[in-house]
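Engineer: One structure is given below, represented as structure tokens, and several questions about it will come after.
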Amino acid sequence: MPSLPALKLTGLTKTFGAATAVDHLDLDVRAGEFYALLGPNGAGKTTTLRMAAGLLPADAGGIEIFGVDARRAPIEAKRITAWLPDEPMLYDKLNPLEYLEFVAGLWNVDPSEAQARARGLCDVLDLWKHRHERCEGFSRGMKQKVALAGALIHNPKLLMLDEPLTGLDAAVARQVKNLLSERVRAGASIILTTHILEVAERLADRIGIIQRGRLIAEGTLAQLREKAGGGNSSLEDVFLQLTQSAELAA
Amino acid sequence: MSLRPGSFAWLAAHDLRLSFLRMRSMFGARRPAAILAILAAILAVFHLLAWPAAAWLARAGAASGPDALYYPALACAAVFVLPWLVAQAMTNSTRALYSRGDLDLLLASPVSPRAVLSARALAMAVESLGSAGMFLFPIADMNAVISGRHWLALYPALAASALFATGLGLAVTTGLFTVLGPKRTRLASQILATFIASAFVLGLQLVNVLPEGMRADLMEAVNNPAPGSLFDRNGPLWLPVRAATGDGASLAAWIAAALAVFTVSAVGLGPRFMASAVRSAGAAGASAPRRAGGREHSFRAGAGAALRRKEWRLLRRDPFLASQLLLQVIYTLPVSVVLWRSQGPSGSLALAMSPCIIVIASQISASLTWLAVSSEDAPDFLASAPVTRSQIERRKLQAVFAPLALLLAAPCAALAMAEPAMGAITILFALGAAASTALLNMWRPHPGRRSDVMRRHQQSKMVGLMEHMLSLCWAVAIVLAILESWAAVVPIGLAALLLWFNRPPRVARPVLRESLA
């Protein structure tokens, strides 16, 4: 029996006034898959992820996370997911350990297990020596690492990441990418939006391209190249060609 | 006439435009005509309200004798207005130092730092003048009608006072920065500004709680001052008062003194202020490590406990916030003494204490609820967690009530020991008052930053008004209850009605505030 998709969006729609941000979007992220969602500015990537994470009510359509209907049973769905936006959501007056304790408490992780995981995540992300310092003094990269540790401390089955590498220096970006790859190898599923096409090219199993709220192309890099006319072009060329073709067709 | 880009006048026009836009944003998206109409209506109401004050001043000016209140009233006004203007200047200077805004752009541009600071300082002075003038100019206008045109001297005198206070505030803030460094100055300056601004209220209450004999001596000293004493009306300390009441020479001297202080401060301190701004930007990136030797953190379980602990930690680690909340208590406490004294030797302790306990309970509860609900730092994060909105709200309310209970435990216990029945009623009413303002703030959330807790009503004056009305209703109710009057149910009913009008709509509400930009 095939395993349930990590994330299944069917006919997902969201409008803001007269503008349609997400337009009957159908999208599947398979279990254990690293899925990159690309698109030009304003294409509806963040809106899609925010609806999937339960932060924004959808106007229509379905959201299933490992078979759980996220619109009917949001708490159940949230238990197995993590959401990480481009701007880290932290409390300035807490230190990283206190923040991780808070997150673990919300997801009801056993305290001793949470403590061990916090130690491990802080070690991997090079946060341990800063564990008693308040987040208010951290750089953006440090804050993003704390937020990522928070997203991982409850071992989510599905990670939804919105531009997680924006503004990070090369070293921090490498740490984050390595950690995400490890999580996928360990069986987690990831859907990530990014403008850094190199990340999608290197890490993603499949790539979806969204424009005007609709999925205009989806597949592995090789499949997308084929769709864009073959050759050995970079993802950037493929992306531009597909989005421009879709724009002309619209 | 176009101004030369980069000149003082050009920068001042830019800053004044920003000030105007900030003021305009308080009116939402209304059209200019509507804003003008609202402003005109407010001014008209203020002029109407100023009439009795002006009439009283005219009568007081004509009276004489040891109990005459004219000069004490003028002295009080000066003691109130000047510190308030200085406090405003300090708050604005601190904000200018620490908020990056356009300061980075200006500092990176080939514009003189003196011109930048002078322009910014002028905008601060104009903002201060506007906020004080809104209340004082109507009194001057009404006094001009009743007592003579010399009262219009308040306009230039207040403008000079704003310049003087801005210069002083700027100098104090820069001095604090030099002495305390970038990390401590913000907090020190904000606390100092708050205490300076409250000096008048505290001072006035102090006068009220003085023994009768001392108060009579003080009035005598103000009305019949010895030459060269603190209250000598020809002395330098009374210069602003003489200027405001139309003494031409004093007005000229006060304007000259204010211009001198402003110019020396704005022009002289320009480079130092800008250097401080650069240092404050550097300090923003530095961490604030916990003291060495702290024990390792051990995790505890549960979503509810996590939410409560988080709220308490954030409160505990924000001394500025704590000082702001405690000031609400300090403002209220002397009222108890006044109520106690006003009843004579056989007065009721409950009648003196209970209304204050009620007011403190409602106000602190409102502030804490706003902090927990509307100034949540990570609303999206909480919304993505597997906890329901009602769970979050319940835990936050628990977090709010715990410090409030801690604060009111001692006075309530003291009252219960002295008058057990009244103590029990007070606790009951305090719970009602605290719950009502907490619910109001929960049902009508208005996003803001934690540091803006005392300015939160600027965003929604209606919620502020409701909050004060709820507070008043419960305070009146407790007084009536202590007097064993069934009429106490009327203000309680009114409070319930106010809450009912503010109940949340049936449609789904956003969980918590949207992230602030």
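Each chain of the structure tokens is named A, B, ... in the order shown, its residues numbered from 1; ligands are numbered from 1 in display order.
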Hey, what's within 9 Å of Asn155 in chain A if we count only C-alpha atoms and toss same-chain stuff fewer than 5 positions away? As a tab-separated table (two decimals) with N, CA, C and O atoms, in the first residue's frame, please?
Structural biologist:
chain	number	residue	atom	x	y	z
A	80	ILE	N	2.13	17.28	14.13
A	80	ILE	CA	3.18	16.59	13.37
A	80	ILE	C	3.87	17.52	12.38
A	80	ILE	O	4.61	17.06	11.51
A	81	THR	N	3.60	18.80	12.49
A	81	THR	CA	4.24	19.73	11.55
A	81	THR	C	5.02	20.81	12.28
A	81	THR	O	4.83	21.04	13.47
A	82	ALA	N	5.89	21.45	11.53
A	82	ALA	CA	6.60	22.63	12.05
A	82	ALA	C	6.59	23.68	10.96
A	82	ALA	O	6.63	23.37	9.77
A	183	ARG	N	17.58	15.60	8.18
A	183	ARG	CA	16.20	15.32	8.59
A	183	ARG	C	15.47	14.51	7.53
A	183	ARG	O	14.69	13.62	7.83
A	188	ALA	N	11.95	12.56	7.58
A	188	ALA	CA	11.03	13.71	7.61
A	188	ALA	C	10.76	14.21	6.19
A	188	ALA	O	11.52	13.91	5.26
Engineer: Skipping near chain neighbours, those fewer than 6 positions away, what residues fall within 10 Å of range 303-315 of chain B using only C-alpha atoms, listed as a PyMOL selection string?
Structural biologist: (chain A and resi 91-94+98-99+101-109) or (chain B and resi 321-322+368+371-372+376+382+385-387+391-400+402-403+450)
Engineer: Find the residues near Pro88 in chain A: any atom within 8 Å, counting only C-alpha atoms, skip ones fewer than 3 places away on the same chain, and give them as an mmCIF file with all heavy atoms, in the first residue's frame.
Structural biologist:
data_model
loop_
_atom_site.group_PDB
_atom_site.id
_atom_site.type_symbol
_atom_site.label_atom_id
_atom_site.label_comp_id
_atom_site.auth_asym_id
_atom_site.auth_seq_id
_atom_site.Cartn_x
_atom_site.Cartn_y
_atom_site.Cartn_z
ATOM 1 N N LEU A 84 8.391 27.322 9.779
ATOM 2 C CA LEU A 84 9.517 28.243 9.997
ATOM 3 C C LEU A 84 9.450 29.353 8.944
ATOM 4 O O LEU A 84 9.653 29.096 7.759
ATOM 5 C CB LEU A 84 10.849 27.493 9.873
ATOM 6 C CG LEU A 84 12.101 28.291 10.224
ATOM 7 C CD1 LEU A 84 12.181 28.555 11.716
ATOM 8 C CD2 LEU A 84 13.348 27.538 9.785
ATOM 9 N N PRO A 85 9.153 30.588 9.366
ATOM 10 C CA PRO A 85 9.071 31.679 8.390
ATOM 11 C C PRO A 85 10.440 32.304 8.145
ATOM 12 O O PRO A 85 11.419 31.952 8.804
ATOM 13 C CB PRO A 85 8.150 32.671 9.086
ATOM 14 C CG PRO A 85 8.425 32.469 10.525
ATOM 15 C CD PRO A 85 8.839 31.046 10.715
ATOM 16 N N LYS A 143 19.577 34.028 15.252
ATOM 17 C CA LYS A 143 18.145 33.931 15.553
ATOM 18 C C LYS A 143 17.489 32.851 14.688
ATOM 19 O O LYS A 143 16.649 32.094 15.155
ATOM 20 C CB LYS A 143 17.457 35.284 15.312
ATOM 21 C CG LYS A 143 17.746 36.299 16.408
ATOM 22 C CD LYS A 143 17.003 37.592 16.150
ATOM 23 C CE LYS A 143 17.247 38.562 17.296
ATOM 24 N NZ LYS A 143 16.662 39.861 17.090
ATOM 25 N N GLN A 144 17.903 32.818 13.411
ATOM 26 C CA GLN A 144 17.301 31.834 12.509
ATOM 27 C C GLN A 144 17.674 30.419 12.949
ATOM 28 O O GLN A 144 16.857 29.501 12.857
ATOM 29 C CB GLN A 144 17.772 32.110 11.064
ATOM 30 C CG GLN A 144 17.042 31.324 9.996
ATOM 31 C CD GLN A 144 15.573 31.739 9.829
ATOM 32 O OE1 GLN A 144 14.949 32.268 10.744
ATOM 33 N NE2 GLN A 144 15.017 31.491 8.680
ATOM 34 N N ALA A 147 15.466 29.543 15.860
ATOM 35 C CA ALA A 147 14.114 29.239 15.373
ATOM 36 C C ALA A 147 14.083 27.861 14.714
ATOM 37 O O ALA A 147 13.116 27.101 14.886
ATOM 38 C CB ALA A 147 13.664 30.314 14.387
#
Engineer: Output as a ChimeraX atom specification all residues of range 215-373 of chain B that backbone DSSP marks as helix (DSSP H, G or I).
Structural biologist: /B:215-223,236-244,248-268,270-284,303-316,319-342,349-373
Engineer: Restricting the calculation to only C-alpha atoms: of A:His154, A:Asp162, A:Met142, A:Gly137, which residue gets closest to chain B?
Structural biologist: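 Smallest distance to chain B is found for A:Gly137.
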Engineer: Do you have the CA of Ala204 in chain A-CA of Ala217 in chain A distance handy?
Structural biologist: 14.6 Å
Engineer: Pick out the closest residue to chain A from this set: B:Ala350, B:Ala144, B:Ala53, B:Ala378. Count only C-alpha atoms.
Structural biologist: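 Of the candidates, the smallest distance to chain A is held by B:Ala378.
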Engineer: Could you check how far CA of Gly246 in chain B sits from CA of Ala44 in chain B, in Å to one decimal?
Structural biologist: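 Atom-to-atom, CA of Gly246 in chain B and CA of Ala44 in chain B are spaced 24.0 Å apart.
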Engineer: Please indicate the distance in Å from CA of Val81 in chain B to CA of Met26 in chain B, rounded to one decimal place.
Structural biologist: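 Pair CA of Val81 in chain B / CA of Met26 in chain B returns 23.3 Å.
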Engineer: Residues within 12 Å of Ser131 in chain B, please, as number ranges by chain. Count only C-alpha atoms; anything in the same chain fewer than 3 positions from it doesn't count.
Structural biologist: B: 19, 23, 81, 84-85, 88-89, 124-128, 134-137, 158-159, 162
Engineer: Skip Val86 in chain B itself and residues of its chain fewer than 3 positions away, then list as a PyMOL selection string all residues within 6 Å of it, counting only C-alpha atoms.
Structural biologist: chain B and resi 83+89+165+169
Engineer: Please provide as a VMD selection string all residues within 10 Å of Val489 in chain B, with the sequence filter that same-chain residues fewer than 2 positions apart are discarded (counting only C-alpha atoms).
Structural biologist: chain B and resid 473 to 474 477 to 478 480 to 481 485 to 487 491 to 495
Engineer: When you look at Ala116 in chain A with a cut-off of 12 Å (counting only C-alpha atoms), what residues show up, excluding the ones that are within fewer than 4 positions of it in the same chain? I need them as number ranges by chain.
Structural biologist: A: 97, 100-101, 104, 109-112, 120-123, 153-154; B: 297-299
Engineer: Okay, now the selection with N, CA and C atoms, as a PDB file, in the first residue's frame?
Structural biologist:
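In the end it all went to out-v8.pdb:
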ATOM      1  N   LEU A  97      17.796  28.097  25.292  1.00  0.00           N
ATOM      2  CA  LEU A  97      17.278  26.927  26.008  1.00  0.00           C
ATOM      3  C   LEU A  97      15.859  27.166  26.505  1.00  0.00           C
ATOM      4  N   LEU A 100      13.559  26.864  23.594  1.00  0.00           N
ATOM      5  CA  LEU A 100      13.349  25.466  23.201  1.00  0.00           C
ATOM      6  C   LEU A 100      12.456  24.745  24.217  1.00  0.00           C
ATOM      7  N   GLU A 101      12.614  25.082  25.488  1.00  0.00           N
ATOM      8  CA  GLU A 101      11.746  24.494  26.518  1.00  0.00           C
ATOM      9  C   GLU A 101      10.282  24.898  26.261  1.00  0.00           C
ATOM     10  N   ALA A 104       9.008  22.992  23.223  1.00  0.00           N
ATOM     11  CA  ALA A 104       8.795  21.586  23.592  1.00  0.00           C
ATOM     12  C   ALA A 104       7.536  21.454  24.457  1.00  0.00           C
ATOM     13  N   VAL A 109       6.317  17.669  24.427  1.00  0.00           N
ATOM     14  CA  VAL A 109       7.429  16.709  24.365  1.00  0.00           C
ATOM     15  C   VAL A 109       7.848  16.396  25.802  1.00  0.00           C
ATOM     16  N   ASP A 110       8.173  15.151  26.053  1.00  0.00           N
ATOM     17  CA  ASP A 110       8.625  14.763  27.389  1.00  0.00           C
ATOM     18  C   ASP A 110       9.852  15.614  27.777  1.00  0.00           C
ATOM     19  N   PRO A 111       9.840  16.203  28.987  1.00  0.00           N
ATOM     20  CA  PRO A 111      10.907  17.160  29.339  1.00  0.00           C
ATOM     21  C   PRO A 111      12.327  16.596  29.212  1.00  0.00           C
ATOM     22  N   SER A 112      12.528  15.361  29.683  1.00  0.00           N
ATOM     23  CA  SER A 112      13.906  14.844  29.629  1.00  0.00           C
ATOM     24  C   SER A 112      14.326  14.612  28.184  1.00  0.00           C
ATOM     25  N   GLY A 120      21.377  18.395  21.716  1.00  0.00           N
ATOM     26  CA  GLY A 120      21.865  17.935  20.420  1.00  0.00           C
ATOM     27  C   GLY A 120      21.735  19.019  19.356  1.00  0.00           C
ATOM     28  N   LEU A 121      20.587  19.660  19.301  1.00  0.00           N
ATOM     29  CA  LEU A 121      20.363  20.693  18.283  1.00  0.00           C
ATOM     30  C   LEU A 121      21.300  21.884  18.506  1.00  0.00           C
ATOM     31  N   CYS A 122      21.478  22.262  19.773  1.00  0.00           N
ATOM     32  CA  CYS A 122      22.372  23.392  20.069  1.00  0.00           C
ATOM     33  C   CYS A 122      23.802  23.053  19.662  1.00  0.00           C
ATOM     34  N   ASP A 123      24.188  21.787  19.867  1.00  0.00           N
ATOM     35  CA  ASP A 123      25.538  21.374  19.464  1.00  0.00           C
ATOM     36  C   ASP A 123      25.697  21.464  17.950  1.00  0.00           C
ATOM     37  N   ILE A 153      12.657  20.561  17.405  1.00  0.00           N
ATOM     38  CA  ILE A 153      12.753  19.914  18.724  1.00  0.00           C
ATOM     39  C   ILE A 153      11.639  18.904  18.971  1.00  0.00           C
ATOM     40  N   HIS A 154      10.525  19.047  18.283  1.00  0.00           N
ATOM     41  CA  HIS A 154       9.444  18.074  18.495  1.00  0.00           C
ATOM     42  C   HIS A 154       9.393  17.037  17.387  1.00  0.00           C
TER      43      HIS A 154
ATOM     44  N   HIS B 297      19.798  24.755  33.012  1.00  0.00           N
ATOM     45  CA  HIS B 297      18.354  24.839  32.910  1.00  0.00           C
ATOM     46  C   HIS B 297      17.756  23.433  32.814  1.00  0.00           C
ATOM     47  N   SER B 298      16.762  23.134  33.624  1.00  0.00           N
ATOM     48  CA  SER B 298      16.112  21.832  33.458  1.00  0.00           C
ATOM     49  C   SER B 298      14.691  22.054  32.939  1.00  0.00           C
ATOM     50  N   PHE B 299      14.334  21.299  31.908  1.00  0.00           N
ATOM     51  CA  PHE B 299      13.059  21.510  31.226  1.00  0.00           C
ATOM     52  C   PHE B 299      11.897  20.998  32.067  1.00  0.00           C
TER      53      PHE B 299
END
Engineer: Pick from B:Pro445, B:Ala243, B:Ser323, B:Pro420: nearest to Ile255 in chain B, with only C-alpha atoms counted?
Structural biologist: B:Ala243
